[in-house]
Amino acid sequence: MPQLLLEIFSEEIPARMQQGAARDLERMVSDRLKAAGLTWEALTTYAGPRRLTLVIDGLPTATPDREEEIKGPRASAPEQALEGFLRKTGLTRDQLTERDGVLFAVLSSKGRATTDLVAETVDQVIRTFPWPKSMRWGSGTLRWVRPIKRILCLFDGKVVPFEIDGIQSDAITEGHRFLGSGELLRVSDFVDYRTQLEKNFVLLDVADRKLRILEQAKAACAARGLALVDDDGLLDEVAGLAEWPTPILGDMDLQFLALPPEVVRLSMKVHQKYFAVRDPSKEGLAPNFLVVANVEATDGGKALAAGNSRVLSARLNDARFFWDEDQKVGFDAWNAKLSGVTFHAKLGTLAERVERIAALAREIAPLVGADADEAETAARLSKADLLSGMVSEFPELQGIMGGYYARLAGHSDAIADAVRDHYKPQGPADTVPTAPVTVAVALADKLDTLVGFWFISEKPTGSKDPFALRRSALGIARILLASGYRLQLNRLLVHHGRRLAAQLLGQFTDAFPNVVKSVEAMGFNVTPNVNGGLGPVAEKARVALSSSTIDDVPPVDWEREYWTDLGLFLLDRLTVLLRDQGQRHDLVAAVFALGDDDLVRIVRRVEALAAFLATDDGANLLAGYKRASNILRAEEKKGPLPTGMVQTGLPNQPEAETTLAFAVGAARTAVETALETEDFAAAMTALARLRAPVDRFFDDVLVNSDIPAERENRLKLLGQVRDVMGQVADFGQIAG
């Protein structure tokens, strides 16, 4: 069957946009062709520095004839309904078909030539393409990421004729801007197209460009006893900068290795798109770099390497200046400036945020085995490097530079590591901190972010999460699961919420109502003055809030509602994490329903529950639970369920009923004992012993007996079965 080949050739497309553009091209063309009724064997897209390419194999020469039946009103419907249906279909009354008293319209349409459809599709795609940024050029109205030079469009070896804003379709493309023959290349199909491009120094597939970069880069390094420092993100970028990538190894001044390696690598990567190089026999980087050129130089790249070395030296001299100057300034000056930097208009300055983080880190420290003084010190240093010259130049180095400067200032390794790593984990692939002081500061930083933005009602909505609150919540979950530390999150959230309220007291009117409620919960009668501020009691209330311990005052209603909502948000992120690890969503929900806020304990429950339900006992007991629950729900609709002790030894009482009553009592004791020691496997084993008695009860006993006393006793027994199992999980939320 015929092949469609489309190339949109333009000036240079930014590397960061290329792969997204390839996906958009595939989606937009596929959607339009499928909507017209076309099918095909294979569709592939390619993106490079100057071209987007699409090839479809096995495309029919025309769309199929189509016939569509539309259901209309009943034949006896009012005349107005019939007239409306006829207008919609464009038919007359005698062209309708009646079946079972209902009118139907059958609409037929002839197929269209694929070339006509392709011409329309390409025009629509180009005019509506969703580039993140686009531009107009010349006197036309067309917008594209860069000016379009030509459009190649072939179907079955022939040009599909169309014109878009003065650009006429043809069968011509171009090779490499410098290395190619300089002649226009006329092609007949995709194989010919790809072959001619490669002869003219253009690698169409980004995978081929990456492979060429890696193979030649590693070979160049190995020839001098060096090794390439892998960087997948940089590889993706440079593969989009060169049509014929040619790695060249260069040298840099040895003195720059005195800088932190992260600074050297980032200077290379961000400003110059260079790869760093290391000596496998030594620690740290080698005094070399690897640049990917878009040409094959006649001198083997010596001149290119020398020129790039001079540019890199200028960049690294700037970095060395920042490094030297920052050490002259230090933490005291940076922290003093934090009071002039707004964190958020409703949440105060960075200095106020640091105060909150320091207090919370000190509170968390004993819970995770960290020294409280070290945790507080690290927290007070954690944001200072944001005011340093190096981080102002390279924001990606926040925390990292703080760690270096903390060591140089004489702080302990635990404090310096905490400053360096407290932002971690910043994504699903990032490492998770496990050192106690780092854990305390990292948790405090993320919890303060969540509490603050929840307090001012800036919650994520849909796909929008401008303050990365989901990332903070997921980071908390990952830290706790990796370290195994046990925190009562709900209590921490309430307490830190009050700490935040103390700071905001009288400052921000939007937060005022909730602040007042927290203050009044501490026993202070707060009355706004005529200007809307707080009365003279404000300072005493502020002190009380900021110094109160977790257990001083139980949460008031608004606090319970607010921080329970945030706790559920944290648990939702844990659900996502567990699902990614292969746990069933319904099992997670069944454990969450118990209201536990200890993430480590929740995970252990889920794991034990999954193992239990994978057994025959678990599966059958779940079926028995659902049967009991259905009976109890039906009875609850009639009135309150009976409660109290289950009677045994009643006249004519079936043995199965007595057996289950004793089994439930034994299971309750065993389950409670197991849960106290958090032996969830033992709790599941105790439940497994109910399987046989429950099965026999439903086989031998009629629950809804005609004798009221028997019916009441049996409903009590089923209620106890449900209650005992409900201590382990809400089995009603489990599918099956």
# chains A, B, ... in the order shown; residues from 1 in each chain; ligands from 1

call {"tool": "residues_around", "arguments": {"residues": "Leu447 (chain A)", "least_positions_apart": "5", "cutoff": "9 Å", "atoms": "only C-alpha atoms", "output": "PyMOL selection string"}}
result
chain A and resi 357+360+442+452+472-473+476+492-493+496

call {"tool": "residues_around", "arguments": {"residues": "region 135-152 of chain A", "least_positions_apart": "3", "cutoff": "9 Å", "atoms": "only C-alpha atoms", "output": "PyMOL selection string"}}
result
chain A and resi 5-14+126-129+131-132+159-160+164-173

call {"tool": "residues_around", "arguments": {"residues": "Gln398 (chain A)", "least_positions_apart": "2", "cutoff": "9 Å", "atoms": "only C-alpha atoms", "output": "NGL selection string"}}
result
:A and (383 or 385-386 or 390-392 or 394-396 or 400-402 or 420 or 423)

call {"tool": "write_last_selection", "arguments": {"atoms": "N, CA, C and O atoms", "output": "PDB file, in the first residue's frame"}}
result
ATOM      1  N   LYS A 383      18.754  28.299  54.028  1.00  0.00           N
ATOM      2  CA  LYS A 383      18.338  29.169  52.923  1.00  0.00           C
ATOM      3  C   LYS A 383      19.312  30.312  52.659  1.00  0.00           C
ATOM      4  O   LYS A 383      19.096  31.112  51.740  1.00  0.00           O
ATOM      5  N   ASP A 385      22.318  30.442  51.386  1.00  0.00           N
ATOM      6  CA  ASP A 385      23.059  30.495  50.117  1.00  0.00           C
ATOM      7  C   ASP A 385      22.219  31.030  48.958  1.00  0.00           C
ATOM      8  O   ASP A 385      22.746  31.306  47.881  1.00  0.00           O
ATOM      9  N   LEU A 386      20.908  31.204  49.168  1.00  0.00           N
ATOM     10  CA  LEU A 386      20.086  31.821  48.124  1.00  0.00           C
ATOM     11  C   LEU A 386      20.529  33.258  47.856  1.00  0.00           C
ATOM     12  O   LEU A 386      20.264  33.804  46.784  1.00  0.00           O
ATOM     13  N   MET A 390      27.141  32.788  43.945  1.00  0.00           N
ATOM     14  CA  MET A 390      27.163  31.574  43.130  1.00  0.00           C
ATOM     15  C   MET A 390      25.753  31.082  42.829  1.00  0.00           C
ATOM     16  O   MET A 390      25.433  30.714  41.688  1.00  0.00           O
ATOM     17  N   VAL A 391      24.887  31.063  43.837  1.00  0.00           N
ATOM     18  CA  VAL A 391      23.522  30.567  43.608  1.00  0.00           C
ATOM     19  C   VAL A 391      22.715  31.583  42.798  1.00  0.00           C
ATOM     20  O   VAL A 391      21.823  31.206  42.040  1.00  0.00           O
ATOM     21  N   SER A 392      23.026  32.856  42.931  1.00  0.00           N
ATOM     22  CA  SER A 392      22.362  33.852  42.081  1.00  0.00           C
ATOM     23  C   SER A 392      22.689  33.600  40.617  1.00  0.00           C
ATOM     24  O   SER A 392      21.844  33.784  39.740  1.00  0.00           O
ATOM     25  N   PHE A 394      23.866  30.500  39.463  1.00  0.00           N
ATOM     26  CA  PHE A 394      23.444  29.135  39.166  1.00  0.00           C
ATOM     27  C   PHE A 394      22.404  28.691  40.199  1.00  0.00           C
ATOM     28  O   PHE A 394      22.748  28.069  41.212  1.00  0.00           O
ATOM     29  N   PRO A 395      21.123  29.003  39.998  1.00  0.00           N
ATOM     30  CA  PRO A 395      20.097  28.612  40.979  1.00  0.00           C
ATOM     31  C   PRO A 395      20.052  27.109  41.234  1.00  0.00           C
ATOM     32  O   PRO A 395      19.614  26.674  42.306  1.00  0.00           O
ATOM     33  N   GLU A 396      20.501  26.317  40.260  1.00  0.00           N
ATOM     34  CA  GLU A 396      20.475  24.858  40.432  1.00  0.00           C
ATOM     35  C   GLU A 396      21.374  24.396  41.573  1.00  0.00           C
ATOM     36  O   GLU A 396      21.253  23.260  42.049  1.00  0.00           O
ATOM     37  N   ILE A 400      23.517  22.936  47.593  1.00  0.00           N
ATOM     38  CA  ILE A 400      24.845  22.373  47.347  1.00  0.00           C
ATOM     39  C   ILE A 400      25.923  23.355  47.786  1.00  0.00           C
ATOM     40  O   ILE A 400      26.862  22.998  48.507  1.00  0.00           O
ATOM     41  N   MET A 401      25.786  24.620  47.355  1.00  0.00           N
ATOM     42  CA  MET A 401      26.790  25.615  47.752  1.00  0.00           C
ATOM     43  C   MET A 401      26.706  25.891  49.248  1.00  0.00           C
ATOM     44  O   MET A 401      27.737  26.096  49.909  1.00  0.00           O
ATOM     45  N   GLY A 402      25.501  25.886  49.807  1.00  0.00           N
ATOM     46  CA  GLY A 402      25.374  26.073  51.245  1.00  0.00           C
ATOM     47  C   GLY A 402      26.144  25.020  52.019  1.00  0.00           C
ATOM     48  O   GLY A 402      26.755  25.306  53.059  1.00  0.00           O
ATOM     49  N   ARG A 420      23.155  20.873  52.540  1.00  0.00           N
ATOM     50  CA  ARG A 420      23.303  20.466  51.136  1.00  0.00           C
ATOM     51  C   ARG A 420      22.101  19.671  50.627  1.00  0.00           C
ATOM     52  O   ARG A 420      21.632  19.883  49.505  1.00  0.00           O
ATOM     53  N   TYR A 423      16.804  19.844  50.375  1.00  0.00           N
ATOM     54  CA  TYR A 423      15.797  19.944  49.322  1.00  0.00           C
ATOM     55  C   TYR A 423      15.391  18.563  48.787  1.00  0.00           C
ATOM     56  O   TYR A 423      14.374  18.443  48.106  1.00  0.00           O
TER      57      TYR A 423
END

call {"tool": "closest_residue", "arguments": {"among": "A:Ala468, A:Ala406, A:Ala242, A:Ile213", "to": "Leu290 (chain A)", "atoms": "only C-alpha atoms"}}
result
A:Ile213

call {"tool": "select_by_dssp", "arguments": {"residues": "region 412-504 of chain A", "states": "helix (DSSP H, G or I)", "output": "number ranges by chain"}}
result
A: 413-421, 436-455, 469-483, 489-504

call {"tool": "select_by_dssp", "arguments": {"residues": "region 316-478 of chain A", "states": "strand (DSSP E or B)", "output": "list of chain:residue names"}}
result
A:Thr342, A:Phe343, A:His344, A:Gly348, A:Thr349, A:Thr461, A:Lys464

call {"tool": "write_last_selection", "arguments": {"atoms": "all heavy atoms", "output": "mmCIF file, in the first residue's frame"}}
result
data_model
loop_
_atom_site.group_PDB
_atom_site.id
_atom_site.type_symbol
_atom_site.label_atom_id
_atom_site.label_comp_id
_atom_site.auth_asym_id
_atom_site.auth_seq_id
_atom_site.Cartn_x
_atom_site.Cartn_y
_atom_site.Cartn_z
ATOM 1 N N THR A 342 10.845 38.494 50.142
ATOM 2 C CA THR A 342 9.503 37.953 50.375
ATOM 3 C C THR A 342 9.424 36.517 49.882
ATOM 4 O O THR A 342 9.753 36.220 48.728
ATOM 5 C CB THR A 342 8.449 38.795 49.649
ATOM 6 O OG1 THR A 342 8.495 40.132 50.147
ATOM 7 C CG2 THR A 342 7.056 38.229 49.863
ATOM 8 N N PHE A 343 9.017 35.633 50.774
ATOM 9 C CA PHE A 343 8.777 34.248 50.369
ATOM 10 C C PHE A 343 7.451 34.149 49.624
ATOM 11 O O PHE A 343 7.362 33.585 48.545
ATOM 12 C CB PHE A 343 8.778 33.336 51.605
ATOM 13 C CG PHE A 343 8.311 31.938 51.325
ATOM 14 C CD1 PHE A 343 9.003 31.112 50.451
ATOM 15 C CD2 PHE A 343 7.155 31.447 51.933
ATOM 16 C CE1 PHE A 343 8.559 29.825 50.184
ATOM 17 C CE2 PHE A 343 6.713 30.160 51.673
ATOM 18 C CZ PHE A 343 7.417 29.352 50.799
ATOM 19 N N HIS A 344 6.401 34.718 50.221
ATOM 20 C CA HIS A 344 5.083 34.794 49.609
ATOM 21 C C HIS A 344 4.366 35.963 50.266
ATOM 22 O O HIS A 344 4.539 36.211 51.460
ATOM 23 C CB HIS A 344 4.302 33.492 49.807
ATOM 24 C CG HIS A 344 2.994 33.453 49.075
ATOM 25 N ND1 HIS A 344 1.852 34.068 49.550
ATOM 26 C CD2 HIS A 344 2.634 32.886 47.887
ATOM 27 C CE1 HIS A 344 0.861 33.870 48.699
ATOM 28 N NE2 HIS A 344 1.311 33.160 47.681
ATOM 29 N N GLY A 348 4.892 35.948 54.502
ATOM 30 C CA GLY A 348 6.024 36.641 55.084
ATOM 31 C C GLY A 348 7.313 36.493 54.305
ATOM 32 O O GLY A 348 7.334 36.118 53.127
ATOM 33 N N THR A 349 8.419 36.756 54.981
ATOM 34 C CA THR A 349 9.736 36.782 54.355
ATOM 35 C C THR A 349 10.427 35.424 54.482
ATOM 36 O O THR A 349 9.980 34.535 55.222
ATOM 37 C CB THR A 349 10.612 37.838 55.026
ATOM 38 O OG1 THR A 349 10.846 37.443 56.388
ATOM 39 C CG2 THR A 349 9.950 39.203 54.996
ATOM 40 N N THR A 461 -4.922 22.345 42.297
ATOM 41 C CA THR A 461 -6.222 22.102 41.680
ATOM 42 C C THR A 461 -5.997 21.471 40.315
ATOM 43 O O THR A 461 -5.321 22.049 39.467
ATOM 44 C CB THR A 461 -7.019 23.409 41.511
ATOM 45 O OG1 THR A 461 -6.220 24.355 40.773
ATOM 46 C CG2 THR A 461 -7.357 24.018 42.858
ATOM 47 N N LYS A 464 -2.830 21.786 38.044
ATOM 48 C CA LYS A 464 -2.082 22.982 38.445
ATOM 49 C C LYS A 464 -1.526 22.807 39.858
ATOM 50 O O LYS A 464 -2.261 22.499 40.788
ATOM 51 C CB LYS A 464 -2.986 24.217 38.379
ATOM 52 C CG LYS A 464 -3.469 24.539 36.972
ATOM 53 C CD LYS A 464 -4.360 25.782 36.970
ATOM 54 C CE LYS A 464 -4.854 26.112 35.559
ATOM 55 N NZ LYS A 464 -5.743 27.292 35.554
#

call {"tool": "closest_residue", "arguments": {"among": "A:Val439, A:Ala217, A:Val728, A:Ala75", "to": "Leu594 (chain A)", "atoms": "only C-alpha atoms"}}
result
A:Val728

call {"tool": "residues_around", "arguments": {"residues": "region 183-189 of chain A", "least_positions_apart": "3", "cutoff": "9 Å", "atoms": "only C-alpha atoms", "output": "ChimeraX atom specification"}}
result
/A:3-5,154-158,170-175,180,192-194,196-197

call {"tool": "residues_around", "arguments": {"residues": "region 105-116 of chain A", "least_positions_apart": "4", "cutoff": "10 Å", "atoms": "only C-alpha atoms", "output": "tab-separated table (two decimals) with C-alpha atoms, in the first residue's frame"}}
result
chain	number	residue	atom	x	y	z
A	4	LEU	CA	3.04	9.19	2.93
A	33	LEU	CA	-6.70	10.78	9.50
A	36	ALA	CA	-11.71	10.47	8.28
A	37	GLY	CA	-11.77	6.67	8.52
A	38	LEU	CA	-8.20	5.92	7.40
A	59	LEU	CA	-2.09	4.20	3.86
A	60	PRO	CA	-5.09	3.58	1.52
A	61	THR	CA	-5.48	5.73	-1.58
A	62	ALA	CA	-8.95	6.85	-0.48
A	63	THR	CA	-11.13	6.93	2.60
A	64	PRO	CA	-13.85	4.26	2.71
A	65	ASP	CA	-17.46	4.92	1.76
A	66	ARG	CA	-19.37	5.62	4.95
A	67	GLU	CA	-22.91	4.89	6.05
A	68	GLU	CA	-24.28	6.18	9.34
A	69	GLU	CA	-27.65	5.44	10.92
A	70	ILE	CA	-29.11	8.17	13.14
A	71	LYS	CA	-31.98	7.44	15.50
A	72	GLY	CA	-34.80	9.98	15.34
A	85	PHE	CA	-34.85	15.90	12.79
A	86	LEU	CA	-35.30	16.41	9.04
A	89	THR	CA	-30.21	15.17	8.60
A	90	GLY	CA	-31.08	17.07	5.42
A	91	LEU	CA	-33.54	14.36	4.36
A	92	THR	CA	-37.25	14.29	3.56
A	93	ARG	CA	-39.91	12.31	5.40
A	95	GLN	CA	-36.33	9.02	3.01
A	96	LEU	CA	-36.61	7.96	6.65
A	97	THR	CA	-36.91	4.35	7.77
A	98	GLU	CA	-39.37	3.27	10.44
A	120	GLU	CA	-6.15	19.64	4.24
A	121	THR	CA	-4.56	17.87	7.21
A	153	CYS	CA	4.98	15.99	0.89
A	154	LEU	CA	4.88	12.74	-1.11
A	155	PHE	CA	2.12	10.16	-1.35
A	156	ASP	CA	2.78	6.99	-3.30
A	158	LYS	CA	4.04	11.68	-6.11
A	159	VAL	CA	3.92	15.22	-4.75
A	160	VAL	CA	0.71	16.07	-2.89
A	161	PRO	CA	-0.03	19.52	-4.34
A	162	PHE	CA	-0.92	22.34	-1.95

call {"tool": "decode", "arguments": {"residues": "region 303-338 of chain A", "atoms": "N, CA and C atoms", "output": "short mmCIF file (atom, residue, chain, number, x, y, z; two decimals), in the first residue's frame"}}
result
data_model
loop_
_atom_site.label_atom_id
_atom_site.label_comp_id
_atom_site.auth_asym_id
_atom_site.auth_seq_id
_atom_site.Cartn_x
_atom_site.Cartn_y
_atom_site.Cartn_z
N ALA A 303 41.47 23.49 16.47
CA ALA A 303 41.10 24.90 16.57
C ALA A 303 39.79 25.08 17.34
N LEU A 304 38.83 24.20 17.08
CA LEU A 304 37.55 24.26 17.80
C LEU A 304 37.77 24.03 19.29
N ALA A 305 38.60 23.05 19.63
CA ALA A 305 38.87 22.75 21.03
C ALA A 305 39.53 23.94 21.72
N ALA A 306 40.49 24.58 21.04
CA ALA A 306 41.19 25.72 21.62
C ALA A 306 40.24 26.89 21.84
N GLY A 307 39.39 27.17 20.86
CA GLY A 307 38.43 28.27 20.99
C GLY A 307 37.45 28.03 22.11
N ASN A 308 36.94 26.82 22.20
CA ASN A 308 36.00 26.50 23.28
C ASN A 308 36.67 26.52 24.64
N SER A 309 37.94 26.18 24.68
CA SER A 309 38.68 26.23 25.94
C SER A 309 38.77 27.67 26.46
N ARG A 310 39.02 28.61 25.54
CA ARG A 310 39.10 30.01 25.96
C ARG A 310 37.76 30.51 26.50
N VAL A 311 36.67 30.11 25.82
CA VAL A 311 35.34 30.52 26.28
C VAL A 311 35.04 29.92 27.65
N LEU A 312 35.39 28.64 27.83
CA LEU A 312 35.15 27.98 29.12
C LEU A 312 35.95 28.64 30.23
N SER A 313 37.19 29.02 29.94
CA SER A 313 38.02 29.68 30.96
C SER A 313 37.36 30.97 31.43
N ALA A 314 36.78 31.72 30.51
CA ALA A 314 36.10 32.96 30.91
C ALA A 314 34.93 32.66 31.83
N ARG A 315 34.17 31.63 31.50
CA ARG A 315 33.03 31.26 32.35
C ARG A 315 33.49 30.81 33.73
N LEU A 316 34.55 29.98 33.76
CA LEU A 316 35.00 29.46 35.04
C LEU A 316 35.69 30.54 35.87
N ASN A 317 36.27 31.53 35.21
CA ASN A 317 36.82 32.67 35.96
C ASN A 317 35.71 33.42 36.69
N ASP A 318 34.54 33.54 36.01
CA ASP A 318 33.38 34.16 36.68
C ASP A 318 32.97 33.34 37.90
N ALA A 319 32.93 32.00 37.72
CA ALA A 319 32.54 31.13 38.82
C ALA A 319 33.54 31.23 39.97
N ARG A 320 34.83 31.30 39.64
CA ARG A 320 35.85 31.41 40.69
C ARG A 320 35.70 32.73 41.45
N PHE A 321 35.32 33.77 40.74
CA PHE A 321 35.10 35.06 41.40
C PHE A 321 33.97 34.94 42.43
N PHE A 322 32.87 34.33 42.02
CA PHE A 322 31.75 34.15 42.96
C PHE A 322 32.17 33.29 44.15
N TRP A 323 32.92 32.24 43.88
CA TRP A 323 33.38 31.32 44.93
C TRP A 323 34.24 32.08 45.96
N ASP A 324 35.16 32.88 45.48
CA ASP A 324 36.03 33.63 46.39
C ASP A 324 35.27 34.70 47.15
N GLU A 325 34.40 35.44 46.46
CA GLU A 325 33.66 36.52 47.11
C GLU A 325 32.67 36.00 48.13
N ASP A 326 32.02 34.88 47.82
CA ASP A 326 31.05 34.32 48.77
C ASP A 326 31.71 33.96 50.09
N GLN A 327 32.94 33.46 50.04
CA GLN A 327 33.62 33.08 51.27
C GLN A 327 33.98 34.29 52.13
N LYS A 328 34.06 35.47 51.51
CA LYS A 328 34.33 36.68 52.26
C LYS A 328 33.07 37.20 52.95
N VAL A 329 31.90 36.84 52.43
CA VAL A 329 30.64 37.37 52.95
C VAL A 329 30.13 36.53 54.12
N GLY A 330 29.76 35.28 53.85
CA GLY A 330 29.37 34.37 54.91
C GLY A 330 27.90 34.39 55.29
N PHE A 331 27.55 33.48 56.20
CA PHE A 331 26.15 33.21 56.54
C PHE A 331 25.46 34.36 57.27
N ASP A 332 26.16 35.03 58.16
CA ASP A 332 25.51 36.10 58.94
C ASP A 332 24.96 37.18 58.02
N ALA A 333 25.75 37.59 57.04
CA ALA A 333 25.31 38.65 56.12
C ALA A 333 24.16 38.16 55.24
N TRP A 334 24.27 36.92 54.79
CA TRP A 334 23.19 36.39 53.93
C TRP A 334 21.89 36.28 54.72
N ASN A 335 21.96 35.73 55.93
CA ASN A 335 20.74 35.57 56.73
C ASN A 335 20.12 36.92 57.07
N ALA A 336 20.96 37.91 57.28
CA ALA A 336 20.43 39.25 57.58
C ALA A 336 19.61 39.78 56.40
N LYS A 337 20.03 39.43 55.19
CA LYS A 337 19.32 39.91 54.00
C LYS A 337 18.02 39.15 53.74
N LEU A 338 17.87 37.97 54.35
CA LEU A 338 16.66 37.18 54.12
C LEU A 338 15.40 37.91 54.57
#
